[in-house]
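Asks: What follows is run06.cif, made up of mmCIF, N, CA and C atoms:
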data_coords
loop_
_atom_site.label_atom_id
_atom_site.label_comp_id
_atom_site.auth_asym_id
_atom_site.auth_seq_id
_atom_site.Cartn_x
_atom_site.Cartn_y
_atom_site.Cartn_z
N MET B 1 58.39 22.97 132.25
CA MET B 1 59.01 21.90 131.52
C MET B 1 59.98 22.51 130.50
N THR B 2 61.12 21.92 130.38
CA THR B 2 62.10 22.41 129.41
C THR B 2 61.75 21.89 128.01
N ASP B 3 62.34 22.48 126.99
CA ASP B 3 62.13 22.00 125.63
C ASP B 3 62.54 20.54 125.49
N SER B 4 63.63 20.18 126.12
CA SER B 4 64.12 18.81 126.05
C SER B 4 63.13 17.83 126.68
N GLU B 5 62.60 18.19 127.84
CA GLU B 5 61.60 17.34 128.50
C GLU B 5 60.35 17.21 127.63
N TYR B 6 59.93 18.33 127.07
CA TYR B 6 58.76 18.30 126.20
C TYR B 6 59.00 17.36 125.02
N LEU B 7 60.14 17.50 124.35
CA LEU B 7 60.43 16.67 123.19
C LEU B 7 60.48 15.19 123.53
N ASP B 8 61.03 14.85 124.68
CA ASP B 8 61.07 13.45 125.13
C ASP B 8 59.66 12.91 125.33
N ARG B 9 58.81 13.68 126.01
CA ARG B 9 57.43 13.23 126.28
C ARG B 9 56.60 13.19 125.00
N ALA B 10 56.77 14.19 124.16
CA ALA B 10 56.01 14.24 122.91
C ALA B 10 56.43 13.11 121.97
N ASP B 11 57.72 12.83 121.91
CA ASP B 11 58.18 11.73 121.07
C ASP B 11 57.66 10.39 121.59
N ALA B 12 57.64 10.22 122.91
CA ALA B 12 57.11 9.00 123.50
C ALA B 12 55.63 8.83 123.15
N LEU B 13 54.87 9.92 123.14
CA LEU B 13 53.46 9.86 122.77
C LEU B 13 53.31 9.40 121.32
N LEU B 14 54.07 9.99 120.40
CA LEU B 14 53.97 9.60 119.00
C LEU B 14 54.37 8.14 118.79
N LYS B 15 55.40 7.69 119.49
CA LYS B 15 55.81 6.28 119.40
C LYS B 15 54.72 5.36 119.94
N ALA B 16 54.06 5.78 121.02
CA ALA B 16 52.96 4.98 121.58
C ALA B 16 51.80 4.88 120.59
N VAL B 17 51.51 5.96 119.90
CA VAL B 17 50.44 5.93 118.89
C VAL B 17 50.80 4.91 117.80
N GLU B 18 52.04 4.96 117.33
CA GLU B 18 52.48 4.02 116.29
C GLU B 18 52.40 2.57 116.78
N THR B 19 52.86 2.32 118.00
CA THR B 19 52.82 0.97 118.57
C THR B 19 51.39 0.48 118.72
N ASN B 20 50.49 1.37 119.16
CA ASN B 20 49.08 1.01 119.29
C ASN B 20 48.48 0.65 117.95
N CYS B 21 48.84 1.38 116.90
CA CYS B 21 48.32 1.06 115.56
C CYS B 21 48.75 -0.33 115.13
N ASP B 22 50.01 -0.67 115.37
CA ASP B 22 50.49 -2.01 115.03
C ASP B 22 49.71 -3.07 115.78
N ARG B 23 49.49 -2.85 117.09
CA ARG B 23 48.74 -3.81 117.90
C ARG B 23 47.30 -3.93 117.40
N ILE B 24 46.66 -2.80 117.14
CA ILE B 24 45.28 -2.79 116.67
C ILE B 24 45.16 -3.55 115.35
N ASN B 25 46.10 -3.33 114.43
CA ASN B 25 46.06 -4.03 113.15
C ASN B 25 46.26 -5.54 113.31
N ASP B 26 47.06 -5.94 114.30
CA ASP B 26 47.29 -7.37 114.56
C ASP B 26 46.09 -8.03 115.25
N GLU B 27 45.40 -7.28 116.12
CA GLU B 27 44.37 -7.88 116.97
C GLU B 27 42.94 -7.66 116.50
N THR B 28 42.72 -6.79 115.53
CA THR B 28 41.36 -6.47 115.11
C THR B 28 41.25 -6.51 113.59
N ASP B 29 40.03 -6.30 113.10
CA ASP B 29 39.80 -6.22 111.66
C ASP B 29 40.02 -4.81 111.13
N ALA B 30 40.40 -3.91 112.01
CA ALA B 30 40.66 -2.52 111.59
C ALA B 30 41.88 -2.49 110.69
N ASP B 31 41.88 -1.58 109.77
CA ASP B 31 43.03 -1.35 108.91
C ASP B 31 43.43 0.11 109.11
N VAL B 32 44.30 0.33 110.08
CA VAL B 32 44.73 1.68 110.42
C VAL B 32 46.16 1.86 109.93
N ASP B 33 46.30 2.65 108.89
CA ASP B 33 47.63 2.95 108.36
C ASP B 33 48.19 4.13 109.15
N ASN B 34 49.40 3.99 109.65
CA ASN B 34 50.01 5.12 110.35
C ASN B 34 51.30 5.48 109.65
N GLN B 35 51.45 6.77 109.44
CA GLN B 35 52.64 7.27 108.76
C GLN B 35 53.20 8.43 109.57
N ARG B 36 54.47 8.30 109.91
CA ARG B 36 55.12 9.37 110.67
C ARG B 36 56.10 10.11 109.78
N VAL B 37 55.99 11.42 109.83
CA VAL B 37 56.93 12.30 109.15
C VAL B 37 57.37 13.33 110.17
N GLY B 38 58.59 13.18 110.67
CA GLY B 38 59.11 14.11 111.66
C GLY B 38 58.28 14.11 112.93
N ALA B 39 57.69 15.24 113.25
CA ALA B 39 56.94 15.42 114.49
C ALA B 39 55.44 15.25 114.28
N MET B 40 55.05 14.50 113.23
CA MET B 40 53.63 14.33 112.92
C MET B 40 53.33 12.88 112.55
N VAL B 41 52.22 12.37 113.08
CA VAL B 41 51.73 11.04 112.72
C VAL B 41 50.35 11.21 112.11
N THR B 42 50.14 10.58 110.95
CA THR B 42 48.84 10.59 110.31
C THR B 42 48.28 9.17 110.34
N LEU B 43 47.07 9.03 110.90
CA LEU B 43 46.37 7.75 110.90
C LEU B 43 45.33 7.80 109.79
N THR B 44 45.34 6.83 108.92
CA THR B 44 44.36 6.76 107.84
C THR B 44 43.57 5.47 108.00
N PHE B 45 42.26 5.60 108.00
CA PHE B 45 41.36 4.47 108.22
C PHE B 45 40.87 3.92 106.88
N ALA B 46 40.24 2.74 106.90
CA ALA B 46 39.79 2.08 105.68
C ALA B 46 38.86 2.96 104.86
N ASN B 47 38.07 3.81 105.53
CA ASN B 47 37.14 4.70 104.82
C ASN B 47 37.82 5.98 104.33
N ARG B 48 39.14 6.03 104.44
CA ARG B 48 40.00 7.13 104.00
C ARG B 48 39.95 8.38 104.90
N SER B 49 39.22 8.31 105.99
CA SER B 49 39.26 9.43 106.94
C SER B 49 40.59 9.39 107.67
N GLN B 50 40.97 10.52 108.22
CA GLN B 50 42.28 10.62 108.87
C GLN B 50 42.19 11.30 110.23
N ILE B 51 43.17 10.97 111.06
CA ILE B 51 43.46 11.70 112.29
C ILE B 51 44.92 12.10 112.20
N VAL B 52 45.20 13.38 112.44
CA VAL B 52 46.56 13.89 112.37
C VAL B 52 46.96 14.35 113.77
N ILE B 53 48.12 13.88 114.22
CA ILE B 53 48.65 14.21 115.55
C ILE B 53 50.02 14.83 115.34
N ASN B 54 50.23 16.01 115.91
CA ASN B 54 51.54 16.62 115.73
C ASN B 54 51.98 17.41 116.95
N GLN B 55 53.30 17.57 117.03
CA GLN B 55 53.91 18.33 118.11
C GLN B 55 53.85 19.82 117.80
N GLN B 56 53.62 20.60 118.84
CA GLN B 56 53.68 22.06 118.75
C GLN B 56 54.71 22.52 119.77
N LYS B 57 55.98 22.44 119.37
CA LYS B 57 57.09 22.70 120.29
C LYS B 57 57.03 24.07 120.95
N PRO B 58 56.76 25.16 120.23
CA PRO B 58 56.78 26.48 120.90
C PRO B 58 55.77 26.58 122.04
N LEU B 59 54.66 25.83 121.94
CA LEU B 59 53.62 25.87 122.97
C LEU B 59 53.71 24.72 123.96
N HIS B 60 54.63 23.78 123.70
CA HIS B 60 54.73 22.54 124.50
C HIS B 60 53.40 21.80 124.51
N GLU B 61 52.79 21.68 123.34
CA GLU B 61 51.50 21.02 123.20
C GLU B 61 51.58 19.92 122.15
N ILE B 62 50.58 19.04 122.20
CA ILE B 62 50.30 18.06 121.15
C ILE B 62 48.94 18.45 120.58
N TRP B 63 48.85 18.49 119.26
CA TRP B 63 47.58 18.81 118.61
C TRP B 63 47.07 17.58 117.89
N MET B 64 45.74 17.39 117.96
CA MET B 64 45.10 16.29 117.24
C MET B 64 43.96 16.87 116.42
N ALA B 65 43.94 16.53 115.13
CA ALA B 65 42.85 16.92 114.24
C ALA B 65 42.13 15.65 113.81
N ALA B 66 40.82 15.63 114.04
CA ALA B 66 39.98 14.49 113.69
C ALA B 66 38.69 15.02 113.09
N ARG B 67 37.83 14.12 112.63
CA ARG B 67 36.54 14.56 112.10
C ARG B 67 35.77 15.41 113.11
N ALA B 68 35.92 15.08 114.37
CA ALA B 68 35.18 15.78 115.43
C ALA B 68 35.72 17.17 115.72
N GLY B 69 36.90 17.50 115.19
CA GLY B 69 37.47 18.82 115.41
C GLY B 69 38.94 18.78 115.74
N GLY B 70 39.43 19.92 116.20
CA GLY B 70 40.83 20.05 116.59
C GLY B 70 40.95 20.14 118.10
N PHE B 71 41.97 19.49 118.64
CA PHE B 71 42.15 19.41 120.09
C PHE B 71 43.60 19.68 120.43
N HIS B 72 43.83 20.36 121.57
CA HIS B 72 45.17 20.70 122.04
C HIS B 72 45.38 20.06 123.40
N TYR B 73 46.59 19.52 123.60
CA TYR B 73 46.91 18.82 124.85
C TYR B 73 48.22 19.33 125.42
N ARG B 74 48.25 19.46 126.76
CA ARG B 74 49.47 19.83 127.49
C ARG B 74 49.75 18.78 128.55
N TRP B 75 51.02 18.64 128.88
CA TRP B 75 51.45 17.69 129.92
C TRP B 75 51.08 18.27 131.28
N VAL B 76 50.17 17.61 131.98
CA VAL B 76 49.71 18.06 133.30
C VAL B 76 49.58 16.83 134.20
N ASP B 77 50.24 16.87 135.35
CA ASP B 77 50.13 15.79 136.33
C ASP B 77 50.36 14.40 135.73
N GLY B 78 51.34 14.29 134.85
CA GLY B 78 51.72 13.00 134.31
C GLY B 78 50.90 12.50 133.14
N HIS B 79 50.06 13.35 132.56
CA HIS B 79 49.23 12.95 131.42
C HIS B 79 49.11 14.11 130.43
N TRP B 80 48.81 13.78 129.19
CA TRP B 80 48.51 14.80 128.19
C TRP B 80 47.03 15.13 128.32
N GLN B 81 46.74 16.32 128.87
CA GLN B 81 45.37 16.75 129.16
C GLN B 81 44.92 17.81 128.16
N ASP B 82 43.64 17.73 127.76
CA ASP B 82 43.07 18.72 126.86
C ASP B 82 43.13 20.11 127.51
N THR B 83 43.51 21.11 126.74
CA THR B 83 43.66 22.46 127.28
C THR B 83 42.32 23.08 127.64
N LYS B 84 41.22 22.49 127.18
CA LYS B 84 39.87 22.99 127.52
C LYS B 84 39.19 22.05 128.51
N HIS B 85 40.01 21.25 129.21
CA HIS B 85 39.53 20.36 130.27
C HIS B 85 38.50 19.35 129.76
N GLN B 86 38.76 18.81 128.57
CA GLN B 86 37.84 17.83 128.00
C GLN B 86 38.42 16.42 128.01
N GLY B 87 39.41 16.17 128.85
CA GLY B 87 39.90 14.82 129.01
C GLY B 87 41.33 14.60 128.59
N GLU B 88 41.72 13.34 128.62
CA GLU B 88 43.08 12.90 128.38
C GLU B 88 43.25 12.48 126.92
N PHE B 89 44.47 12.64 126.39
CA PHE B 89 44.75 12.41 124.98
C PHE B 89 44.36 11.01 124.51
N PHE B 90 44.83 9.97 125.18
CA PHE B 90 44.60 8.61 124.69
C PHE B 90 43.12 8.22 124.75
N ASP B 91 42.39 8.73 125.72
CA ASP B 91 40.94 8.51 125.75
C ASP B 91 40.27 9.18 124.55
N ALA B 92 40.68 10.41 124.27
CA ALA B 92 40.11 11.14 123.13
C ALA B 92 40.49 10.47 121.81
N LEU B 93 41.74 10.03 121.70
CA LEU B 93 42.15 9.35 120.47
C LEU B 93 41.35 8.07 120.28
N SER B 94 41.15 7.32 121.35
CA SER B 94 40.35 6.09 121.27
C SER B 94 38.93 6.40 120.78
N GLY B 95 38.31 7.44 121.33
CA GLY B 95 36.96 7.80 120.93
C GLY B 95 36.89 8.25 119.48
N ASN B 96 37.82 9.09 119.08
CA ASN B 96 37.83 9.58 117.69
C ASN B 96 38.14 8.45 116.71
N ALA B 97 39.09 7.59 117.04
CA ALA B 97 39.44 6.48 116.16
C ALA B 97 38.28 5.49 116.04
N THR B 98 37.60 5.23 117.15
CA THR B 98 36.44 4.35 117.13
C THR B 98 35.37 4.91 116.21
N ALA B 99 35.10 6.20 116.32
CA ALA B 99 34.08 6.83 115.47
C ALA B 99 34.47 6.77 114.00
N GLN B 100 35.73 7.03 113.70
CA GLN B 100 36.15 7.07 112.30
C GLN B 100 36.33 5.68 111.70
N ALA B 101 36.75 4.70 112.48
CA ALA B 101 36.94 3.34 111.98
C ALA B 101 35.64 2.55 112.00
N GLU B 102 34.68 3.04 112.78
CA GLU B 102 33.40 2.35 112.97
C GLU B 102 33.61 0.97 113.58
N LEU B 103 34.65 0.87 114.39
CA LEU B 103 35.00 -0.32 115.18
C LEU B 103 35.52 0.17 116.51
N PRO B 104 35.31 -0.60 117.60
CA PRO B 104 35.86 -0.18 118.89
C PRO B 104 37.38 -0.32 118.91
N LEU B 105 38.07 0.81 119.06
CA LEU B 105 39.53 0.82 119.09
C LEU B 105 40.00 1.46 120.39
N LYS B 106 41.01 0.88 121.01
CA LYS B 106 41.53 1.39 122.27
C LYS B 106 43.01 1.71 122.13
N PHE B 107 43.34 2.98 122.37
CA PHE B 107 44.73 3.44 122.39
C PHE B 107 45.12 3.67 123.85
N THR B 108 46.35 3.26 124.19
CA THR B 108 46.84 3.41 125.56
C THR B 108 48.23 4.06 125.54
N PRO B 109 48.60 4.70 126.66
CA PRO B 109 49.93 5.34 126.72
C PRO B 109 51.07 4.34 126.62
#
Could you rewrite the structure in this file as structure tokens?
Replies:
Amino acid sequence: MTDSEYLDRADALLKAVETNCDRINDETDADVDNQRVGAMVTLTFANRSQIVINQQKPLHEIWMAARAGGFHYRWVDGHWQDTKHQGEFFDALSGNATAQAELPLKFTP
């Protein structure tokens, strides 16, 4: 994948996260604040816990930091897959956000 392709896919992922937060705030009682600064999105939950998602351009990866730990994702077969074979990005984000918000939250690509 070229740098340009990576940046297009990574930017689309960050935009999808922001769009999902808006939908979640409209459709649920969750209060998920999302703030984007450049290549990083920070989600802040009502209990003040955070999930940070950022681009790692030199590695062509997306990194996510949550209470459960740090996770790295690469574009494989049309999806952002965990580099340690622990699943897909949006499934992991949904699980981590659900745990931190203490409400069932679903993020989709």
Asks: Go through B:Ala30, B:Met1, B:Val41, B:Ala12 one by one, measure the shortest atom-to-atom distance of each to B:His60 using only N, CA and C atoms, and give the residue with the smallest value.
Replies: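 Under the stated criterion, the closest residue is B:Met1.
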Asks: Any idea what the distance is between atom CA of B:Ser4 and atom CA of B:Ala65?
Replies: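 It comes out at 24.4 Å.
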Asks: Let me know the centre plus edge lengths, in Å and rounded to one decimal, of a box with edges along x, y and z that contains all listed atoms of stretch 49-54 of chain B and is padded by 8 Å on every side, as JSON.
Replies:
{"center_x": 45.6, "center_y": 12.9, "center_z": 111.5, "size_x": 28.8, "size_y": 25.1, "size_z": 27.0}
Asks: Can you tell me how far atom CA of B:Asn54 sits from atom CA of B:Ala101, in Å to one decimal?
Replies: 20.1 Å
Asks: Between atom CA of B:Arg48 and atom CA of B:Thr83, what is the distance, to one decimal in Å?
Replies: 28.1 Å
Asks: Give the answer as one residue: which of B:Val32, B:Ala46, B:Leu59, B:Met40 has the shortest atom-to-atom distance to B:Leu14, using all atoms listed in the file?
Replies: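 Comparing B:Val32, B:Ala46, B:Leu59, B:Met40 against B:Leu14, the winner is B:Met40.
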Asks: Which one of B:Ile53, B:Cys21, B:Ala66, B:Leu105 sits closest to B:Asn34 if you count all atoms listed in the file?
Replies: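 So, comparing all the options, the nearest one is B:Cys21.
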Asks: If I only want stretch 7-82 of chain B, can you write it with C-alpha atoms, as a PDB file, in the first residue's frame?
Replies:
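part.pdb, written as the output of this step:
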ATOM      1  CA  LEU B   7      -3.756   8.093   4.375  1.00  0.00           C
ATOM      2  CA  ASP B   8      -7.046   7.790   2.471  1.00  0.00           C
ATOM      3  CA  ARG B   9      -8.039   4.620   4.365  1.00  0.00           C
ATOM      4  CA  ALA B  10      -6.852   5.923   7.730  1.00  0.00           C
ATOM      5  CA  ASP B  11      -8.687   9.213   7.269  1.00  0.00           C
ATOM      6  CA  ALA B  12     -11.860   7.326   6.316  1.00  0.00           C
ATOM      7  CA  LEU B  13     -11.545   5.296   9.532  1.00  0.00           C
ATOM      8  CA  LEU B  14     -11.216   8.416  11.695  1.00  0.00           C
ATOM      9  CA  LYS B  15     -14.195  10.040   9.937  1.00  0.00           C
ATOM     10  CA  ALA B  16     -16.237   6.871  10.512  1.00  0.00           C
ATOM     11  CA  VAL B  17     -15.393   6.973  14.223  1.00  0.00           C
ATOM     12  CA  GLU B  18     -16.565  10.601  14.405  1.00  0.00           C
ATOM     13  CA  THR B  19     -19.780   9.819  12.491  1.00  0.00           C
ATOM     14  CA  ASN B  20     -20.478   6.845  14.765  1.00  0.00           C
ATOM     15  CA  CYS B  21     -20.066   9.044  17.851  1.00  0.00           C
ATOM     16  CA  ASP B  22     -22.619  11.505  16.490  1.00  0.00           C
ATOM     17  CA  ARG B  23     -25.058   8.657  15.776  1.00  0.00           C
ATOM     18  CA  ILE B  24     -24.502   7.075  19.193  1.00  0.00           C
ATOM     19  CA  ASN B  25     -25.113  10.404  20.946  1.00  0.00           C
ATOM     20  CA  ASP B  26     -28.342  10.892  18.956  1.00  0.00           C
ATOM     21  CA  GLU B  27     -29.664   7.350  19.459  1.00  0.00           C
ATOM     22  CA  THR B  28     -28.563   6.428  22.994  1.00  0.00           C
ATOM     23  CA  ASP B  29     -28.124   7.855  26.478  1.00  0.00           C
ATOM     24  CA  ALA B  30     -24.360   7.680  26.037  1.00  0.00           C
ATOM     25  CA  ASP B  31     -22.450  10.929  26.144  1.00  0.00           C
ATOM     26  CA  VAL B  32     -19.403  10.296  23.981  1.00  0.00           C
ATOM     27  CA  ASP B  33     -17.394  13.416  23.284  1.00  0.00           C
ATOM     28  CA  ASN B  34     -15.124  13.063  20.273  1.00  0.00           C
ATOM     29  CA  GLN B  35     -12.363  15.483  19.492  1.00  0.00           C
ATOM     30  CA  ARG B  36     -10.147  15.267  16.451  1.00  0.00           C
ATOM     31  CA  VAL B  37      -6.769  16.929  16.264  1.00  0.00           C
ATOM     32  CA  GLY B  38      -4.959  16.141  13.025  1.00  0.00           C
ATOM     33  CA  ALA B  39      -4.434  12.389  12.769  1.00  0.00           C
ATOM     34  CA  MET B  40      -5.853  11.594  16.225  1.00  0.00           C
ATOM     35  CA  VAL B  41      -9.365  11.208  17.632  1.00  0.00           C
ATOM     36  CA  THR B  42      -9.988  11.156  21.373  1.00  0.00           C
ATOM     37  CA  LEU B  43     -13.257   9.729  22.686  1.00  0.00           C
ATOM     38  CA  THR B  44     -14.168  10.844  26.193  1.00  0.00           C
ATOM     39  CA  PHE B  45     -16.966   9.095  28.064  1.00  0.00           C
ATOM     40  CA  ALA B  46     -19.237  10.422  30.835  1.00  0.00           C
ATOM     41  CA  ASN B  47     -17.025   8.752  33.472  1.00  0.00           C
ATOM     42  CA  ARG B  48     -14.043  10.701  32.018  1.00  0.00           C
ATOM     43  CA  SER B  49     -12.320   7.593  30.665  1.00  0.00           C
ATOM     44  CA  GLN B  50     -10.889   7.910  27.178  1.00  0.00           C
ATOM     45  CA  ILE B  51     -10.085   5.964  24.044  1.00  0.00           C
ATOM     46  CA  VAL B  52      -7.429   7.471  21.785  1.00  0.00           C
ATOM     47  CA  ILE B  53      -7.175   6.458  18.116  1.00  0.00           C
ATOM     48  CA  ASN B  54      -4.345   7.706  15.960  1.00  0.00           C
ATOM     49  CA  GLN B  55      -2.589   7.159  12.664  1.00  0.00           C
ATOM     50  CA  GLN B  56       0.931   5.754  12.550  1.00  0.00           C
ATOM     51  CA  LYS B  57       1.937   6.721   9.022  1.00  0.00           C
ATOM     52  CA  PRO B  58       5.490   5.272   8.990  1.00  0.00           C
ATOM     53  CA  LEU B  59       4.085   1.832   9.893  1.00  0.00           C
ATOM     54  CA  HIS B  60       0.824   2.159   7.912  1.00  0.00           C
ATOM     55  CA  GLU B  61      -1.051   1.314  11.112  1.00  0.00           C
ATOM     56  CA  ILE B  62      -3.872   2.646  13.269  1.00  0.00           C
ATOM     57  CA  TRP B  63      -3.272   2.551  17.014  1.00  0.00           C
ATOM     58  CA  MET B  64      -5.975   2.462  19.671  1.00  0.00           C
ATOM     59  CA  ALA B  65      -5.356   3.040  23.374  1.00  0.00           C
ATOM     60  CA  ALA B  66      -8.144   2.084  25.771  1.00  0.00           C
ATOM     61  CA  ARG B  67      -8.460   0.970  29.381  1.00  0.00           C
ATOM     62  CA  ALA B  68      -7.948  -2.599  28.185  1.00  0.00           C
ATOM     63  CA  GLY B  69      -4.579  -1.732  26.629  1.00  0.00           C
ATOM     64  CA  GLY B  70      -2.958  -0.654  23.405  1.00  0.00           C
ATOM     65  CA  PHE B  71      -3.816  -2.194  20.041  1.00  0.00           C
ATOM     66  CA  HIS B  72      -2.298  -1.907  16.550  1.00  0.00           C
ATOM     67  CA  TYR B  73      -4.209  -2.416  13.294  1.00  0.00           C
ATOM     68  CA  ARG B  74      -3.125  -2.875   9.670  1.00  0.00           C
ATOM     69  CA  TRP B  75      -5.195  -2.886   6.488  1.00  0.00           C
ATOM     70  CA  VAL B  76      -5.584  -6.555   5.502  1.00  0.00           C
ATOM     71  CA  ASP B  77      -8.127  -7.995   3.062  1.00  0.00           C
ATOM     72  CA  GLY B  78     -10.313  -4.897   3.144  1.00  0.00           C
ATOM     73  CA  HIS B  79     -10.402  -4.413   6.931  1.00  0.00           C
ATOM     74  CA  TRP B  80      -8.295  -2.938   9.713  1.00  0.00           C
ATOM     75  CA  GLN B  81      -7.062  -6.103  11.447  1.00  0.00           C
ATOM     76  CA  ASP B  82      -5.225  -6.366  14.766  1.00  0.00           C
TER      77      ASP B  82
END
